[in-house]
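First comes the structure, then the notes that go with it.
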Amino acid sequence: MQDEVRALARERNAVILAHNYQVAEVQDVADYVGDSLGLSQQAAATDADVIVFAGVHFMAETAAILAPERTVLIPDLEAGCSLAASIDAEALERWKQENPGAVVVSYVNTTAEVKALSDYCCTSGNARAIIEAVPEDRDILFLPDMFLGAYLERLTGRRMKIWPGECHVHAGIRPQDVSRMMEERPETDLLIHPECGCASQCLYAAAHDAKLAETTHVLSTEGMVRHVTTSKRSEFVVATETGILHRLRKEAPDKRFYAMSEQAVCRYMKQITLPKLRDSLREMQYPVTVPDDVAARARGAIERMVEIV
Ligand code: 13P
Ligand code: SF4
């Protein structure tokens with residue numbers, strides 16, 4: 001079926017973009033596998049006629065905004081995101097009215113309507129640089145992930161108003177999982193996605209323990225890939241969605257990886273399967289479009305995200 005998918009992709013002049021959380025057989029057939037930032041950059045740069053997005057809906061919307069002249073397809077419209085669903089345009093409009101003059105920084109896990117009301121978008125890969133680009137004298141409304149927000153406050157020393165949203169997968173990785181793993185595998189590097197509920201606790205612990213400071217790394221999914229390929233260590237505990245393990249094992253086959261929690265599985269990411277990818281290319285389903293006025297307003301915030309790295 002992978003051969004069939006590749007043949008259809010050639011026929012359609014399509015590029016297949018897959019997120020690091022996709023199932024192994026989808027990652028293996030993609031033209032590019034990466035994090036939210038990398039996928040957006042690929043979508044903006046491609047000259048293919050069709051972009052098939054093996055990821056979740058907000059990512060396909062972002063691609064549609066960045067590449068309005070391409071056809072963007074998602075193999076299953078049910079591939080949503082609990083974090084993106086935690087705030088809608090109406091709620092953000094109200095929050096802005098309560099905080100006039102504040103700069104709105106939205107994590108990329110948001111709908112196009114929410115992006116259209118934002119000044120900047122960011123991903124976990126460049127959130128720090130974006131926050132640091134906001135003039136010191138401006139208030140910041142950061143949304144929708146409270147754990148990423150708390151982590152950024154600690155990192156930049158900047159106080160922000162933070163929306164109380166969370167991703168059910170990352171929030172489900174508990175401090176107890178970290179303590180257990182650190183006891184079981186004291187010699188490993190700890191790779192933590194900043195959407196995790198345990199990220200702040202780990203940083204706090206690392207700030208008070210020199211050994212932990214050396215082994216604790218808060219990274220985007222692509223940051224994790226870069227880290228393991230350059231690190232001298234040979235074992236890593238990974239606190240994020242378990243789909244990343246396939247990518248890490250492929251990029252660093254001589255190293256060993258352990259999931260912080262085997263339960264960290266995103267059912268939305270796993271909606272995309274190889275047969276659905278094949279059907280998507282065969283039937284040109286399901287197109288993802290964003291109304292012109294919303295796209296025009298969202299584009300500025302997304303372009304700033306893609307530029308500031
Ligand atoms: P990144 O791949 O950008 O680190 O994001 C993780 C995520 O949860 C996307 O939904
Ligand atoms: Fe959304 Fe969480 Fe799934 Fe990422 S892992 S797509 S943030 S629900």
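Ordering of the structure tokens sets the chain letters (A, B, ...), residue numbers begin anew at 1 in every chain, and ligands are numbered from 1 in the order given.
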
- Message: For Ala264 of chain A, find every residue with an atom within 6 Å (counting only C-alpha atoms), except residues of its own chain fewer than 5 positions away, and show them as number ranges by chain.
- Response: A: 169, 241-242

Could you write out that same residue set with N, CA, C and O atoms as an mmCIF file, in the first residue's frame?
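Once everything was written out, this is result15.cif:
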```
data_model
loop_
_atom_site.group_PDB
_atom_site.id
_atom_site.type_symbol
_atom_site.label_atom_id
_atom_site.label_comp_id
_atom_site.auth_asym_id
_atom_site.auth_seq_id
_atom_site.Cartn_x
_atom_site.Cartn_y
_atom_site.Cartn_z
ATOM 1 N N VAL A 169 -3.420 14.694 26.294
ATOM 2 C CA VAL A 169 -2.363 13.680 26.211
ATOM 3 C C VAL A 169 -1.156 14.100 27.067
ATOM 4 O O VAL A 169 -0.670 13.335 27.899
ATOM 5 N N GLU A 241 3.909 12.478 23.105
ATOM 6 C CA GLU A 241 3.097 11.454 22.452
ATOM 7 C C GLU A 241 4.024 10.356 21.902
ATOM 8 O O GLU A 241 5.104 10.658 21.363
ATOM 9 N N THR A 242 3.598 9.104 22.039
ATOM 10 C CA THR A 242 4.530 7.998 21.773
ATOM 11 C C THR A 242 4.890 7.813 20.288
ATOM 12 O O THR A 242 5.859 7.108 19.986
#
```

- Query: Got a sec to check which residues lie within 7 Å of ligand 1, using only C-alpha atoms and all ligand atoms, and send them as an NGL selection string?
  - Reply: :A and (19-20 or 34-37 or 109 or 123-125 or 193 or 220-222)

Can I get the selection written as an mmCIF file, in the first residue's frame, with N, CA and C atoms?
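What landed in again.cif:
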```cif
data_model
loop_
_atom_site.group_PDB
_atom_site.id
_atom_site.type_symbol
_atom_site.label_atom_id
_atom_site.label_comp_id
_atom_site.auth_asym_id
_atom_site.auth_seq_id
_atom_site.Cartn_x
_atom_site.Cartn_y
_atom_site.Cartn_z
ATOM 1 N N HIS A 19 3.191 14.650 10.685
ATOM 2 C CA HIS A 19 3.677 15.070 12.000
ATOM 3 C C HIS A 19 4.400 13.909 12.683
ATOM 4 N N ASN A 20 5.317 14.265 13.586
ATOM 5 C CA ASN A 20 6.104 13.272 14.324
ATOM 6 C C ASN A 20 5.256 12.295 15.142
ATOM 7 N N GLY A 34 7.916 16.013 10.557
ATOM 8 C CA GLY A 34 8.494 17.032 11.426
ATOM 9 C C GLY A 34 7.538 17.549 12.467
ATOM 10 N N ASP A 35 7.940 18.657 13.102
ATOM 11 C CA ASP A 35 7.088 19.286 14.118
ATOM 12 C C ASP A 35 6.209 20.356 13.466
ATOM 13 N N SER A 36 5.399 21.024 14.275
ATOM 14 C CA SER A 36 4.440 21.983 13.725
ATOM 15 C C SER A 36 5.140 23.086 12.934
ATOM 16 N N LEU A 37 6.275 23.549 13.460
ATOM 17 C CA LEU A 37 6.986 24.639 12.788
ATOM 18 C C LEU A 37 7.544 24.167 11.441
ATOM 19 N N ASN A 109 -1.532 25.465 18.005
ATOM 20 C CA ASN A 109 -2.682 24.566 18.198
ATOM 21 C C ASN A 109 -3.948 25.378 18.480
ATOM 22 N N THR A 123 5.137 28.168 17.903
ATOM 23 C CA THR A 123 5.109 26.725 18.153
ATOM 24 C C THR A 123 6.040 26.485 19.334
ATOM 25 N N SER A 124 6.091 25.232 19.794
ATOM 26 C CA SER A 124 7.002 24.956 20.907
ATOM 27 C C SER A 124 8.445 25.181 20.468
ATOM 28 N N GLY A 125 8.704 25.097 19.145
ATOM 29 C CA GLY A 125 10.057 25.269 18.633
ATOM 30 C C GLY A 125 10.548 26.714 18.667
ATOM 31 N N HIS A 193 8.335 17.486 26.443
ATOM 32 C CA HIS A 193 7.636 18.475 25.617
ATOM 33 C C HIS A 193 7.008 19.511 26.552
ATOM 34 N N SER A 220 10.724 20.903 21.670
ATOM 35 C CA SER A 220 9.662 20.554 20.720
ATOM 36 C C SER A 220 9.977 19.168 20.173
ATOM 37 N N THR A 221 9.052 18.580 19.438
ATOM 38 C CA THR A 221 9.324 17.217 18.965
ATOM 39 C C THR A 221 10.533 17.189 18.029
ATOM 40 N N GLU A 222 10.679 18.200 17.173
ATOM 41 C CA GLU A 222 11.832 18.211 16.269
ATOM 42 C C GLU A 222 13.113 18.526 17.056
#
```

- Item | Non-local contacts of Leu143 of chain A (12 Å; only C-alpha atoms; under 4 positions in same chain excluded) as an MDAnalysis selection string | chainID A and resid 83:89 91:92 95:96 103:111 114:115 117:123 127 147:150 152 160:166 195

- Message: Counting only C-alpha atoms and all ligand atoms, what are the residues, protein, DNA or RNA alike, that approach ligand 2 to within 9 Å? I want them as a ChimeraX atom specification.
- Response: /A:21,55-59,79-85,109,145,166-171,195,240-241,264-270

Selected residues, N, CA, C and O atoms, written as a short mmCIF file (atom, residue, chain, number, x, y, z; two decimals), in the first residue's frame, please.
```cif
data_model
loop_
_atom_site.label_atom_id
_atom_site.label_comp_id
_atom_site.auth_asym_id
_atom_site.auth_seq_id
_atom_site.Cartn_x
_atom_site.Cartn_y
_atom_site.Cartn_z
N TYR A 21 3.98 12.58 15.37
CA TYR A 21 3.12 11.69 16.16
C TYR A 21 2.34 10.70 15.28
O TYR A 21 1.52 9.94 15.79
N GLY A 55 -1.75 14.75 9.80
CA GLY A 55 -1.63 15.42 11.09
C GLY A 55 -3.04 15.78 11.52
O GLY A 55 -4.00 15.11 11.12
N VAL A 56 -3.18 16.84 12.32
CA VAL A 56 -4.52 17.20 12.78
C VAL A 56 -5.03 18.46 12.07
O VAL A 56 -4.28 19.14 11.37
N HIS A 57 -6.34 18.75 12.27
CA HIS A 57 -7.02 19.72 11.44
C HIS A 57 -6.39 21.11 11.46
O HIS A 57 -6.23 21.75 10.41
N PHE A 58 -5.99 21.60 12.67
CA PHE A 58 -5.46 22.97 12.71
C PHE A 58 -4.17 23.07 11.89
O PHE A 58 -3.85 24.13 11.35
N MET A 59 -3.43 21.98 11.78
CA MET A 59 -2.18 22.00 11.00
C MET A 59 -2.49 22.12 9.51
O MET A 59 -1.82 22.84 8.77
N ALA A 79 -9.81 14.24 12.72
CA ALA A 79 -8.51 14.45 13.38
C ALA A 79 -8.47 15.87 13.96
O ALA A 79 -7.98 16.80 13.34
N GLY A 80 -9.01 16.01 15.16
CA GLY A 80 -9.07 17.32 15.83
C GLY A 80 -7.95 17.47 16.84
O GLY A 80 -6.90 16.83 16.72
N CYS A 81 -8.16 18.31 17.85
CA CYS A 81 -7.13 18.53 18.88
C CYS A 81 -7.82 19.08 20.12
O CYS A 81 -8.50 20.11 20.05
N SER A 82 -7.65 18.41 21.26
CA SER A 82 -8.34 18.86 22.48
C SER A 82 -7.82 20.22 22.93
O SER A 82 -8.57 21.03 23.48
N LEU A 83 -6.56 20.51 22.66
CA LEU A 83 -5.99 21.80 23.05
C LEU A 83 -6.58 22.93 22.20
O LEU A 83 -7.01 23.96 22.73
N ALA A 84 -6.62 22.72 20.88
CA ALA A 84 -7.19 23.74 19.99
C ALA A 84 -8.66 23.99 20.34
O ALA A 84 -9.16 25.12 20.19
N ALA A 85 -9.34 22.94 20.83
CA ALA A 85 -10.77 23.07 21.15
C ALA A 85 -11.01 23.82 22.47
O ALA A 85 -12.16 24.11 22.81
N ASN A 109 -1.53 25.46 18.00
CA ASN A 109 -2.68 24.57 18.20
C ASN A 109 -3.95 25.38 18.48
O ASN A 109 -4.46 25.42 19.61
N ASP A 145 -2.28 27.02 25.83
CA ASP A 145 -1.73 25.96 26.70
C ASP A 145 -1.11 26.53 27.97
O ASP A 145 -0.11 27.25 27.93
N GLU A 166 -5.37 22.95 28.08
CA GLU A 166 -4.35 21.90 28.12
C GLU A 166 -4.64 20.84 27.07
O GLU A 166 -5.77 20.72 26.59
N CYS A 167 -3.60 20.11 26.70
CA CYS A 167 -3.74 18.95 25.82
C CYS A 167 -3.92 17.74 26.72
O CYS A 167 -3.09 17.52 27.61
N HIS A 168 -4.98 16.96 26.48
CA HIS A 168 -5.27 15.85 27.40
C HIS A 168 -4.14 14.81 27.40
O HIS A 168 -3.93 14.12 28.39
N VAL A 169 -3.42 14.69 26.29
CA VAL A 169 -2.36 13.68 26.21
C VAL A 169 -1.16 14.10 27.07
O VAL A 169 -0.67 13.34 27.90
N HIS A 170 -0.72 15.36 26.87
CA HIS A 170 0.47 15.82 27.62
C HIS A 170 0.15 16.08 29.09
O HIS A 170 0.98 15.82 29.96
N ALA A 171 -1.06 16.58 29.35
CA ALA A 171 -1.43 16.83 30.75
C ALA A 171 -1.50 15.51 31.51
O ALA A 171 -1.32 15.47 32.73
N GLU A 195 4.31 21.06 26.56
CA GLU A 195 2.88 20.93 26.83
C GLU A 195 2.61 19.99 28.01
O GLU A 195 1.47 19.87 28.46
N THR A 240 6.39 12.73 25.74
CA THR A 240 5.46 13.33 24.78
C THR A 240 4.67 12.19 24.15
O THR A 240 4.76 11.04 24.61
N GLU A 241 3.91 12.48 23.10
CA GLU A 241 3.10 11.45 22.45
C GLU A 241 4.02 10.36 21.90
O GLU A 241 5.10 10.66 21.36
N ALA A 264 0.46 7.86 26.69
CA ALA A 264 0.46 9.16 25.99
C ALA A 264 0.26 8.96 24.49
O ALA A 264 1.18 9.08 23.69
N VAL A 265 -0.97 8.64 24.13
CA VAL A 265 -1.31 8.38 22.72
C VAL A 265 -2.42 9.34 22.32
O VAL A 265 -3.45 9.42 23.00
N CYS A 266 -2.21 10.09 21.25
CA CYS A 266 -3.23 11.05 20.79
C CYS A 266 -4.15 10.36 19.78
O CYS A 266 -3.73 10.04 18.67
N ARG A 267 -5.40 10.18 20.19
CA ARG A 267 -6.32 9.46 19.31
C ARG A 267 -6.63 10.26 18.05
O ARG A 267 -7.00 9.71 17.02
N TYR A 268 -6.45 11.56 18.11
CA TYR A 268 -6.70 12.40 16.92
C TYR A 268 -5.61 12.17 15.88
O TYR A 268 -5.88 12.00 14.69
N MET A 269 -4.36 12.17 16.33
CA MET A 269 -3.25 11.91 15.41
C MET A 269 -3.38 10.51 14.79
O MET A 269 -3.07 10.30 13.63
N LYS A 270 -3.88 9.58 15.61
CA LYS A 270 -3.96 8.18 15.15
C LYS A 270 -5.17 7.93 14.26
O LYS A 270 -5.37 6.81 13.78
#
```

- Task: Report the distance between atom CA of Cys198 of chain A and atom CA of Pro175 of chain A in Å, rounded to one decimal place.
- Result: 5.1 Å

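Of the residues in segment 109-225 of chain A, those given strand (DSSP E) by DSSP on the backbone are A:Tyr120, A:Cys121, A:Cys122, A:Ile140, A:Leu141, A:Phe142, A:Leu143, A:Lys161, A:Ile162, A:Asp189, A:Leu190, A:Leu191, A:Ile192, A:Thr216, A:His217, A:Val218.
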
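Using only C-alpha atoms, the smallest distance between any of A:Leu245, A:Ala64, A:Ile272, A:Val218 and Ile51 of chain A comes from A:Ala64.
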
- Please run DSSP on the backbone and report, as a PyMOL selection string, all residues within segment 25-125 of chain A that come out as alpha helix (DSSP H). chain A and resi 25-27+36-45+57-66+89-98+112-116

Write a file of the selected residues as a compact mmCIF listing (two decimals), in the first residue's frame, keeping N, CA, C and O atoms.
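Result went into selection27.txt, see below:
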```
# COMPACT_ATOMS: atom_id res chain seq x y z
N GLU A 25 3.79 3.62 9.77
CA GLU A 25 3.67 3.39 8.32
C GLU A 25 3.29 4.65 7.55
O GLU A 25 3.55 4.75 6.36
N VAL A 26 2.69 5.61 8.24
CA VAL A 26 2.39 6.90 7.59
C VAL A 26 3.66 7.76 7.55
O VAL A 26 4.00 8.35 6.53
N GLN A 27 4.39 7.80 8.67
CA GLN A 27 5.67 8.54 8.67
C GLN A 27 6.57 8.03 7.54
O GLN A 27 7.19 8.81 6.83
N SER A 36 5.40 21.02 14.28
CA SER A 36 4.44 21.98 13.72
C SER A 36 5.14 23.09 12.93
O SER A 36 4.66 23.49 11.87
N LEU A 37 6.28 23.55 13.46
CA LEU A 37 6.99 24.64 12.79
C LEU A 37 7.54 24.17 11.44
O LEU A 37 7.32 24.80 10.41
N GLY A 38 8.23 23.04 11.46
CA GLY A 38 8.82 22.50 10.23
C GLY A 38 7.76 22.21 9.17
O GLY A 38 7.95 22.49 7.99
N LEU A 39 6.62 21.68 9.60
CA LEU A 39 5.56 21.36 8.65
C LEU A 39 4.99 22.63 8.03
O LEU A 39 4.68 22.67 6.84
N SER A 40 4.85 23.68 8.83
CA SER A 40 4.35 24.96 8.30
C SER A 40 5.34 25.51 7.28
O SER A 40 4.95 26.01 6.22
N GLN A 41 6.64 25.41 7.62
CA GLN A 41 7.66 25.92 6.69
C GLN A 41 7.64 25.14 5.38
O GLN A 41 7.76 25.73 4.30
N GLN A 42 7.45 23.83 5.48
CA GLN A 42 7.38 23.01 4.27
C GLN A 42 6.16 23.38 3.43
O GLN A 42 6.24 23.47 2.20
N ALA A 43 5.02 23.59 4.09
CA ALA A 43 3.80 23.94 3.37
C ALA A 43 3.97 25.27 2.64
O ALA A 43 3.55 25.43 1.49
N ALA A 44 4.64 26.21 3.31
CA ALA A 44 4.82 27.54 2.70
C ALA A 44 5.76 27.47 1.50
O ALA A 44 5.62 28.25 0.56
N ALA A 45 6.70 26.52 1.51
CA ALA A 45 7.74 26.50 0.48
C ALA A 45 7.44 25.57 -0.69
O ALA A 45 8.07 25.67 -1.74
N HIS A 57 -6.34 18.75 12.27
CA HIS A 57 -7.02 19.72 11.44
C HIS A 57 -6.39 21.11 11.46
O HIS A 57 -6.23 21.75 10.41
N PHE A 58 -5.99 21.60 12.67
CA PHE A 58 -5.46 22.97 12.71
C PHE A 58 -4.17 23.07 11.89
O PHE A 58 -3.85 24.13 11.35
N MET A 59 -3.43 21.98 11.78
CA MET A 59 -2.18 22.00 11.00
C MET A 59 -2.49 22.12 9.51
O MET A 59 -1.82 22.84 8.77
N ALA A 60 -3.54 21.40 9.08
CA ALA A 60 -3.94 21.47 7.67
C ALA A 60 -4.48 22.88 7.36
O ALA A 60 -4.21 23.44 6.29
N GLU A 61 -5.20 23.46 8.32
CA GLU A 61 -5.70 24.83 8.13
C GLU A 61 -4.53 25.81 7.98
O GLU A 61 -4.55 26.70 7.13
N THR A 62 -3.50 25.63 8.82
CA THR A 62 -2.32 26.50 8.75
C THR A 62 -1.67 26.38 7.37
O THR A 62 -1.29 27.39 6.76
N ALA A 63 -1.58 25.15 6.87
CA ALA A 63 -1.02 24.93 5.52
C ALA A 63 -1.88 25.64 4.48
O ALA A 63 -1.36 26.28 3.55
N ALA A 64 -3.20 25.54 4.63
CA ALA A 64 -4.10 26.17 3.64
C ALA A 64 -3.94 27.70 3.65
O ALA A 64 -4.03 28.34 2.60
N ILE A 65 -3.67 28.25 4.82
CA ILE A 65 -3.48 29.71 4.92
C ILE A 65 -2.14 30.12 4.30
O ILE A 65 -2.05 31.12 3.59
N LEU A 66 -1.11 29.30 4.54
CA LEU A 66 0.24 29.65 4.03
C LEU A 66 0.40 29.35 2.55
O LEU A 66 1.27 29.91 1.90
N ALA A 89 -13.16 31.64 18.98
CA ALA A 89 -13.01 33.07 18.65
C ALA A 89 -13.81 33.96 19.60
O ALA A 89 -13.34 35.02 20.01
N GLU A 90 -15.00 33.49 19.96
CA GLU A 90 -15.85 34.29 20.85
C GLU A 90 -15.17 34.52 22.21
O GLU A 90 -15.15 35.63 22.75
N ALA A 91 -14.63 33.44 22.76
CA ALA A 91 -13.97 33.53 24.07
C ALA A 91 -12.74 34.43 23.98
O ALA A 91 -12.47 35.23 24.89
N LEU A 92 -12.00 34.32 22.89
CA LEU A 92 -10.80 35.16 22.74
C LEU A 92 -11.21 36.62 22.59
O LEU A 92 -10.58 37.52 23.18
N GLU A 93 -12.27 36.87 21.83
CA GLU A 93 -12.76 38.25 21.66
C GLU A 93 -13.07 38.86 23.02
O GLU A 93 -12.68 40.00 23.31
N ARG A 94 -13.75 38.09 23.88
CA ARG A 94 -14.09 38.58 25.23
C ARG A 94 -12.83 38.86 26.04
O ARG A 94 -12.72 39.88 26.72
N TRP A 95 -11.86 37.94 25.97
CA TRP A 95 -10.61 38.07 26.74
C TRP A 95 -9.85 39.32 26.31
O TRP A 95 -9.29 40.04 27.13
N LYS A 96 -9.86 39.58 24.99
CA LYS A 96 -9.19 40.78 24.47
C LYS A 96 -9.88 42.05 24.97
O LYS A 96 -9.22 43.03 25.33
N GLN A 97 -11.22 42.01 24.98
CA GLN A 97 -11.96 43.20 25.45
C GLN A 97 -11.65 43.49 26.92
O GLN A 97 -11.57 44.64 27.33
N GLU A 98 -11.44 42.43 27.70
CA GLU A 98 -11.11 42.61 29.12
C GLU A 98 -9.67 43.12 29.30
O GLU A 98 -9.31 43.59 30.37
N ALA A 112 -8.26 28.49 12.85
CA ALA A 112 -7.91 29.65 12.00
C ALA A 112 -8.60 30.92 12.53
O ALA A 112 -8.02 32.00 12.49
N GLU A 113 -9.83 30.78 13.06
CA GLU A 113 -10.55 31.97 13.58
C GLU A 113 -9.81 32.57 14.76
O GLU A 113 -9.75 33.79 14.92
N VAL A 114 -9.26 31.71 15.62
CA VAL A 114 -8.50 32.22 16.77
C VAL A 114 -7.20 32.86 16.28
O VAL A 114 -6.81 33.94 16.75
N LYS A 115 -6.56 32.25 15.31
CA LYS A 115 -5.32 32.85 14.76
C LYS A 115 -5.62 34.23 14.17
O LYS A 115 -4.81 35.15 14.27
N ALA A 116 -6.80 34.34 13.56
CA ALA A 116 -7.16 35.61 12.92
C ALA A 116 -7.29 36.74 13.94
O ALA A 116 -7.20 37.91 13.59
```

- Query: Which one of A:Ala102, A:Glu78, A:Gly157, A:Asp49 sits closest to Phe142 of chain A if you count only C-alpha atoms?
  - Reply: A:Ala102

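The gap separating atom CA of Leu281 of chain A from atom CA of Ala14 of chain A is 8.2 Å, in Å to one decimal.
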
- Task: In Å, rounded to a single decimal, give me how far atom CA of Pro291 of chain A is from atom CA of Arg12 of chain A.
- Result: 24.3 Å

- Judged by only C-alpha atoms, the minimum distance to Val29 of chain A among A:Asn13, A:Thr273, A:Gln2, A:Thr46 is found for A:Gln2

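Each of A:His227, A:Arg278, A:Arg10, A:Arg158 was checked against Asp31 of chain A using only C-alpha atoms; the smallest atom-to-atom distance is that of A:Arg10.
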